[in-house]
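Peer 1: Got a structure here, written out as structure tokens. Questions coming.
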Amino acid sequence: MGTADSGTMKDPSTKTELPSVVIRLAGDSGDGMQLTGTQFTTSTALSGHDLATLPDFPAEIRAPAGTMNGVSGYQIQFAGTDVHTPGDSPDVLVAMNPAALRANVGDLVRNALVLVNVDSFKPKDLAKAGYENNPLEDGSLSGYRVIEVELTRLTRQAVDDLGLDTRSADRCKNFFALGMMFWLFERPMEPTEKWLREKFANRELILEANLRALKAGWAYCEATEVFAERYVVPRAAAEPGTYRNISGNTATALGLLAAAERSDLQLFYGSYPITPASDVLHEVAKYKEFGAVSFQAEDEISAVAAAIGASYAGSLGTTCTSGPGMALKAEAMGLATMVELPLVVCNIQRGGPSTGLPTKTEQADLLQSLFGRPSETPTPVVAAATPSDCFAMAYEAARIAVRSMTPVIFLSDGYLANGAEPWRIPNVEDLPDIPVPQPNPENFLPYLREPETLARPWARPGTPGMEHRVGGLEKEDGTGNVSYTAENHERMVHLRAEKIQKIADYIPEQSVDGPDSGELLVVGWGSTYGAITGAVEHARREGLSVSHAHIRYLNPFPKNLGDVLSSYRKVLIPEMNLGQLALLLRGMYGIETESFTKVQGKPFTEAEVFTKIREMAS
Amino acid sequence: MGTADSGTMKDPSTKTELPSVVIRLAGDSGDGMQLTGTQFTTSTALSGHDLATLPDFPAEIRAPAGTMNGVSGYQIQFAGTDVHTPGDSPDVLVAMNPAALRANVGDLVRNALVLVNVDSFKPKDLAKAGYENNPLEDGSLSGYRVIEVELTRLTRQAVDDLGLDTRSADRCKNFFALGMMFWLFERPMEPTEKWLREKFANRELILEANLRALKAGWAYCEATEVFAERYVVPRAAAEPGTYRNISGNTATALGLLAAAERSDLQLFYGSYPITPASDVLHEVAKYKEFGAVSFQAEDEISAVAAAIGASYAGSLGTTCTSGPGMALKAEAMGLATMVELPLVVCNIQRGGPSTGLPTKTEQADLLQSLFGRPSETPTPVVAAATPSDCFAMAYEAARIAVRSMTPVIFLSDGYLANGAEPWRIPNVEDLPDIPVPQPNPENFLPYLREPETLARPWARPGTPGMEHRVGGLEKEDGTGNVSYTAENHERMVHLRAEKIQKIADYIPEQSVDGPDSGELLVVGWGSTYGAITGAVEHARREGLSVSHAHIRYLNPFPKNLGDVLSSYRKVLIPEMNLGQLALLLRGMYGIETESFTKVQGKPFTEAEVFTKIREMAS
Amino acid sequence: MATTLTNKDFKSDQEVRWCPGCGDYAILNSVQNVFPKLGIPREKFVVVSGIGCASRFPYYMDTYGFHTIHGRAPAVATGVKMANPELSVWVVSGDGDALSIGGNHLIHAMRRNVDIKVLMFNNRIYGLTKGQASPASELGKKTKSTPMGSADAPFNPLAIALGANARFVARSVDIMAGHLRVVLEAAARHKGSAFVEIFQNCNIFNDKAFDAWTEKDVRDDRMVSLDPGEPIVFGKEKNRGIALDCLEPKVVSFDGDVPDEVLRWDPSRTDPTLSFMMAHLDDRPNFPLPIGIFRQVDEPTYEQRVHEQIETAQSKRGKGDLQGLLASGNTWVV
Amino acid sequence: MATTLTNKDFKSDQEVRWCPGCGDYAILNSVQNVFPKLGIPREKFVVVSGIGCASRFPYYMDTYGFHTIHGRAPAVATGVKMANPELSVWVVSGDGDALSIGGNHLIHAMRRNVDIKVLMFNNRIYGLTKGQASPASELGKKTKSTPMGSADAPFNPLAIALGANARFVARSVDIMAGHLRVVLEAAARHKGSAFVEIFQNCNIFNDKAFDAWTEKDVRDDRMVSLDPGEPIVFGKEKNRGIALDCLEPKVVSFDGDVPDEVLRWDPSRTDPTLSFMMAHLDDRPNFPLPIGIFRQVDEPTYEQRVHEQIETAQSKRGKGDLQGLLASGNTWVV
Ligand SMILES: Cc1ncc(C[n+]2csc(CCOP(=O)(O)OP(=O)(O)O)c2C)c(N)n1
Ligand SMILES: Cc1ncc(C[n+]2csc(CCOP(=O)(O)OP(=O)(O)O)c2C)c(N)n1
Ligand code: SF4
Ligand code: SF4
Ligand SMILES: [Mg+2]
Ligand SMILES: [Mg+2]
């Protein structure tokens, strides 16, 4: 709501056009903010807006109700087109209690709209949130447009004659608030109504109560002059196609499934639950009608070992985890390198080290991905840039794994995993082919390589006449027999490295957004995509000449990357770590880099990156 | 035996002076070659020669007797002073059977002395070794001075009247050969006699048989003219002191024990057996009278976890492993980083990836050591350069771990582990102090840091009044309470990195052997020390200006390393991997490097490095 | 000194943050009530945990505490106890932490007989990661990770512990404070490794998982407590008991005095067979689920044996002389 | 087809490289003799192993084979079997591989009832790494890593397997080829997870570890075979048997016919208690050590349950339509 600070109270029929809006919904963990956010998102997506979302869960299991630790938030930015991040600073805040207000008010734009549930601003509520005075009364909110609503009372009223107990009645108040937001931004209510009907198909009373609360919220705005105006965010034309909203974790699961389908392999997904990766498991577990086998293992080692076993038996073996679990998979990944079997290892990065900040985001596992195994164990690495890009890159990971018979690491992070954005649904037939290295029955040797890719053939148990043995000891090239000779070992070490390098022959070259040479190139990887893109666009609007290269293939790098990097006088690398890509690019291409880091468990804002760009470009 | 090729048959009383000699003893696994080699080494060390050794076990459990896979070898180089490696090419080969001859003859210098046991050159022996013709007869050995000895028959004769069965009698023939070598190089026989008396104290017959074989070998040379001359290798004065011969693994164990003593801590050693690290466990398990606790864990994870528990309780927690085991320790090492407890993790590197070449050497775990854990988990890394340097660097690892309250990785490898060299025994009191960060009872907070090192205090359970909790979740600086705030996380990530960087304040600066600026600097780390030193000395003798910097502190690097590197026009980095240090130095210091790699499971030879130096320096 | 300690002395300054209604609160309370009774100074307690809801436990205890990593608490605790056998070392773990990722460390600590007390809070679900099946979840259970029902037959946690030769094995229930305290105190006083399964309600992801046994009105009929030296009797009227029909346990009903054929419980039998049978008692239709002390057998602990070796070495060879060791073997002087 | 296979068909072209005299040779032989009898085509056999001397096994079998990493073979094999339930999947493991680093995967495979056959070659030592104690080594055993004797009480491997609810549990001896083949064949024909402990002599690092039981002249008195349906009788004269004295097994001697009180062995009892008792029989002085089949219980396998869910889903919802799935939920068209 770029123009929010110019807003004054107007006639309710007034509609103000805004290019984009950032809304944050905040409340107690028990207030259902994630659900409210998701419903608003769906409705917004169906209105044809571009959007990006950021759920922010409390790290605690369930902190005591009403405390700062218990605040759960959900942020969405939507616009006519080209939304890159969930937004730096909200234009609208819905605060279900004082803690939610206190935790979030500092982030708002000047003159932001703040909707509060006054019913929860009793002295004991204020005390739990650590407020000494009531902020609604002490003038501390004077820079904002505060809308006080008796959400609790009004909700109870709306469901009054249903005979619900108070607790159940109060549980509906998020739908009242949602109804108000729907009115304010002219969103359709049908998708939410439909969702409620499905969700509570067997619990009529609850269904009815929620529907009533939702409609009451809308009606309340329609009837009273609680808001001075409504907002309209005009839509620009996106690329034609069918769209849906998708989170990174769902996209990851679908990407793996799509790769299995297109390569005609059974998907085997072995995993051990861990935040923020568990949802991929939950998702895959649903695909039983696709023949996908999901296996909740006893630990991460078993998960990856079973995936390797499944690949050995002819499935597409995949596994998924985060930080601590990634560490545990290293040994088995070395085995997959040695026996040259396809394996996709998804790492949904989170804040570390150790248990660290499990619900927060970070991208500090890049160097681990490249080097985190003993000895020379080259492993391809790809990284998704946005939630929907998780589909594409998980698919790519599988394509590389199968085509080159190798373990591949797919990197996502907590921010992509839980964030969502509209996704243009691809045509299954348009997805890239995934050639499966087949053994030649006339001339079968387990380590006889395809010249182009150096991939060995994949002879599956059950195939008569191709009985053979593989294992973790050094293999003789060709036969695959155990070999301890010096010459063979050196040849194999180089062959394994070369095989991975050859992947660069069939992945896309590095593209650049902006001029293909000049003063400043911003290089990013992973989830910094949105913030960098927004910042670069901003910089261009200010007349600066800046380009942006976002690296999705991190090992091997695209063939032209060295040339791209050396075409600019300065290279800026923003990363949510202490400069890992920067170190790597310096080491590999001998270029000077400016590393710009943020390790706070949360993504860069566009403004932060923009400020840095301006500093460097001037 | 630099002059070996000038030798002609002479009067047996003739003595030829040689500057250095390389001997390789080779036979079947069951022939006792390791034992024979060790005895020759001891005797040589006691003669005051400098030396270096290289055992070379077959990778197989027990390969069929007489086959190439079953050949076990032991090489020693000795000289008056300054031996850097076990030698590139043997001057003398003892071959107990055709397979031993065939496996080793290719490595010999021209005109080398080859002693063979003719009794084992029967057609079936030749066939097992894969010889089509008898090499003793087909002229293929014409470039060598072959000495044929009926080792089996002569040994049987020597023990004839003891009434041993043939198998036991034949087992003594390695001592017959050893007696011959003792005669040839004028070694004292007493140490071996003493050793035999201790070893077979309760088995008189075997003792007697071995003694007789040993003496018969000597007498055979004395009596017959089997050798035309004897060799004398004059001794130069080494640094005064008391010396012993020591292998890398023994030195590692002693280094840890010494650090425990000097810091007044109980040594806790948790480990799981793995080649080539197991001997460190076997060694530590002997130190019970020192109060050292050794724990054979159920796996490597338990080993490191128990070591962390022991450190938490106030011991010096240490663990040791190799490749596959190292991968498994990564997660727990991250915990140690987070809770900031001392921990030494020894990695005796071996050939990989995966199970790889378990009995062979490699130094390909450098980047894993630096980056092989999720998230920003900075970990100090030190590496030993020679077998005896394992004592110094294991001690240093412990000193850093305790002083800076951090896990530290100590790197050795299979070559250092099993190799041996004379070691000047240090005075325990002369070893560097190890200050233990003590909590201040007046003002105790678990994460209150010493300003110099940023180390937190080590308050041990059992101390009244200092009860506190630590754990793997992000800690609030000072209190150590769990904290999820963005600012604190960023501060802690930087603090942890800075703490490791500050170690550079108290480790030695990088030293350079040779001119401190110029044309060419050879940079090495770990066990390439010997080959590089020899090659550089060789190059200097040829008039080339070359310097050598050997990095023992790999994270953080010594403060002056950047300056050192930039003082030379070219930097050559020989490594037993695909160029890991080279990548790191380029990334960190932006210098150009020439990477020179060998990944064959065996060390560089001096000649290989010399050839490369000559190529670069001209 | 220890005798004057109260439960307050064991409450840390950290706010307890489990979901309201979680069974963990009751267990925390019981532990805080038992610790002061043990005559052990506060600074000698160490509580080690893995990862999970249950594993946040050490933060709330004002003792030395170590919240380690998932599944590894028994290994860390083994190191703590070996390094300093004077400490009273407790492990708190969830069913996932202890039986899934940590199963191996658990059984090895048990077989070695390290003197650590493992309290496994069994809620038959993964709480912290929000509701996946655990190795203690029933076959067919629908969870986030098993939408069509779990296909994994679960462990019997007591059978695992007995199979690993755990010398002390017991079971109790979060809400049965009196029973739980008796069991905890027995575990504390037992010298050697102890495994205590505690049924714990996770009201968020697996509510009422144990109600069928532990609800006040069925409890007496559906559970039976194994109390050392006491006849195994149950039922609201205390009028049924467990007897053995040679190979098979049977339920005998009686009026008045407990008949002799009712087993008098003896957990100190070295042979674990009968304990093992009791661990499976409730697999039989209409048999009660036993709680209480299944096994309690004395044997030297691991750390005792380890430190005895050190003492023997020192008394035989004298306390180690490092300079002498460095200079051992063949030396020569230059 | 399968019926015409002979042991030669299962010999690979790799030279067998164990120490001369190693018990592994005899076991290899027995396996190569049993496989052709099973009516399974050669290409359907997969032999998975971990690391250790025993684990080199797959190289010598002319089947599909996978020499994986230390301790993880049961996990890899679980993946193989889940991916393709048609395969006959065998795991070969040493006592260190299976019980030390691999203990957790082993017990989880057993509880799930994955249809894999785990053969654990127990030589009570680490062979490949040259002679350290294993979790099967006796208390007090002196090895390279335990110079003053092992302080770790060992596992009873069968008790671990039974504690984990392994449905098929058996024991045999390397050199008792006839007995071993019977056991292997029973394991092969059993549908579900099987754990078979095989005493194996390591003549290099732990020679004669089992001679006290297995030497020809004592064997009949010191061991007893549990054979389904047969009375448990032993002794050179076959004149002693095992009976149950309610809680305690007892040895009864007899002349002539086997008395009725001698137990007739039934490994198919669902309750594992009696099997567990037999696993501890030899802890009692003067009792024989049982070999043979301790347990054999039928139950659906894990992979069956998993694939049934897939079939149910497909029959209910139709075979998955990927394009439809991608476009599921709320969509809109631009
Ligand atoms: C190596 C690793 N894997 C996975 C996780 C994620 N994780 C944390 S707790 C947990 C299981 C929790 O269940 P349980 O042990 O039963 O404890 P509860 O929360 O139910 O008390 C998992 C899978 C982790 N932290 N570390
Ligand atoms: C992760 C890992 N840790 C340790 C080792 C070293 N290692 C190889 S085999 C083995 C144990 C061998 O004993 P066992 O399993 O009993 O087999 P055996 O050799 O006796 O047949 C060990 C410790 C390894 N290869 N990998
Ligand atoms: S999720 Fe369950 S176990 Fe965890 S704190 Fe909440 S109620 Fe307790
Ligand atoms: S070391 Fe032992 S187990 Fe290994 S091959 Fe030799 S005899 Fe067999
Ligand atoms: Mg649980
Ligand atoms: Mg073994």
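Chain labels A, B, ... are given in the sequence in which chains occur in the structure tokens; within each chain residues are numbered consecutively from 1, and ligands are likewise numbered from 1 in the order shown.
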Could you please tell me, as an NGL selection string, which residues of chain A have an atom within 7 Å of chain D when using only C-alpha atoms?

Peer 2: :A and (46 or 238 or 240-244 or 288-291 or 302 or 305-310 or 312-313 or 315 or 425 or 427-428 or 461-464 or 467-472)

Peer 1: Contacts from chain C to chain D, 7 Å maximum, only C-alpha atoms: show me the residue list as a PyMOL selection string.

Peer 2: chain C and resi 103-104+111-112+148+151-155+159-160+162-164+246-247+273+276-277+302+305-306+309

Peer 1: Select from chain A every residue with an atom at most 6 Å from any atom of chain B, then for each give the shortest pair of atoms and their distance in Å to one decimal, using only C-alpha atoms, rows by chain and rising number, as a tab-separated table.

Peer 2:
residue	atom	partner	partner_atom	distance
A:Gly323	CA	B:Pro374	CA	5.2
A:Pro324	CA	B:Glu331	CA	5.6
A:Ala327	CA	B:Glu331	CA	5.3
A:Leu328	CA	B:Leu328	CA	5.9
A:Ala330	CA	B:Ala327	CA	5.6
A:Glu331	CA	B:Ala327	CA	5.3
A:Gly334	CA	B:Ser354	CA	4.8
A:Leu335	CA	B:Ser354	CA	5.0
A:Gly352	CA	B:Ser375	CA	5.1
A:Pro353	CA	B:Ser375	CA	5.1
A:Ser354	CA	B:Gly334	CA	4.9
A:Thr355	CA	B:Gly472	CA	4.9
A:Gly356	CA	B:Leu473	CA	4.3
A:Ala364	CA	B:Ser375	CA	4.4
A:Asp365	CA	B:Ser375	CA	5.1
A:Leu367	CA	B:Phe371	CA	5.8
A:Gln368	CA	B:Gly372	CA	4.9
A:Phe371	CA	B:Gln368	CA	5.3
A:Gly372	CA	B:Gly372	CA	3.6
A:Arg373	CA	B:Gln368	CA	5.8
A:Pro374	CA	B:Asp365	CA	5.2
A:Ser375	CA	B:Ala364	CA	4.4
A:Glu376	CA	B:Pro353	CA	6.0
A:Thr377	CA	B:Pro353	CA	5.8
A:Gly472	CA	B:Thr355	CA	4.9
A:Leu473	CA	B:Gly356	CA	4.3
A:Glu474	CA	B:Gly356	CA	4.7
A:Ala486	CA	B:Gln600	CA	4.3
A:His489	CA	B:Gln600	CA	5.7
A:Glu490	CA	B:Gln600	CA	5.1
A:Leu583	CA	B:Gly587	CA	5.1
A:Arg586	CA	B:Gly587	CA	4.6
A:Gly587	CA	B:Gly587	CA	3.5
A:Val599	CA	B:Glu490	CA	5.2
A:Gln600	CA	B:Ala486	CA	4.4

Peer 1: Give me, as a PyMOL selection string, the set of residues whose atoms come within 12 Å of any atom of ligand 3, counting only C-alpha atoms and all ligand atoms.

Peer 2: (chain A and resi 29-30+60-64) or (chain C and resi 16-28+51-57+93-96+121-132+174+199-209)

Peer 1: As a list in words, please: the residues near stretch 172-188 of chain A (cut-off 6 Å, only C-alpha atoms, same-chain neighbours under 6 positions excluded).

Peer 2: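 The residues satisfying every condition are Thr155, Asn210, Ala213, Leu214, Lys215, Gly217, Trp218, Arg230 and Tyr231 of chain A.
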
Peer 1: So that I can check the surroundings of B:Ala549, please list as JSON, numbers by chain every protein, DNA and RNA residue that reaches within 9 Å of it, counting only C-alpha atoms and ignoring chain neighbours fewer than 2 positions away.

Peer 2: {"B": [510, 511, 512, 513, 514, 521, 522, 523, 524, 525, 547, 551, 564, 565]}

Peer 1: For a quick check of understanding, using only C-alpha atoms, which of C:Val196, C:Phe35, C:Lys8, C:Lys236 has the smallest distance to C:Val218?

Peer 2: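 The answer is C:Lys236, which sits nearest to C:Val218.
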
Peer 1: Using only C-alpha atoms, determine which residues lie at most 6 Å from D:Lys117, disregarding the query and same-chain residues fewer than 2 positions distant; provide the list as a list of chain:residue names.

Peer 2: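 Answer for this query is D:Trp90, D:Val91, D:Ser193, D:Ala194.
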
Peer 1: Give me the residues near A:Thr42 as a VMD selection string, where near means some atom within 9 Å (using only C-alpha atoms) and where sequence neighbours in that chain fewer than 3 positions away do not count.

Peer 2: (chain A and resid 37 to 39 45 to 47 191 to 192 244 to 245) or (chain D and resid 330)
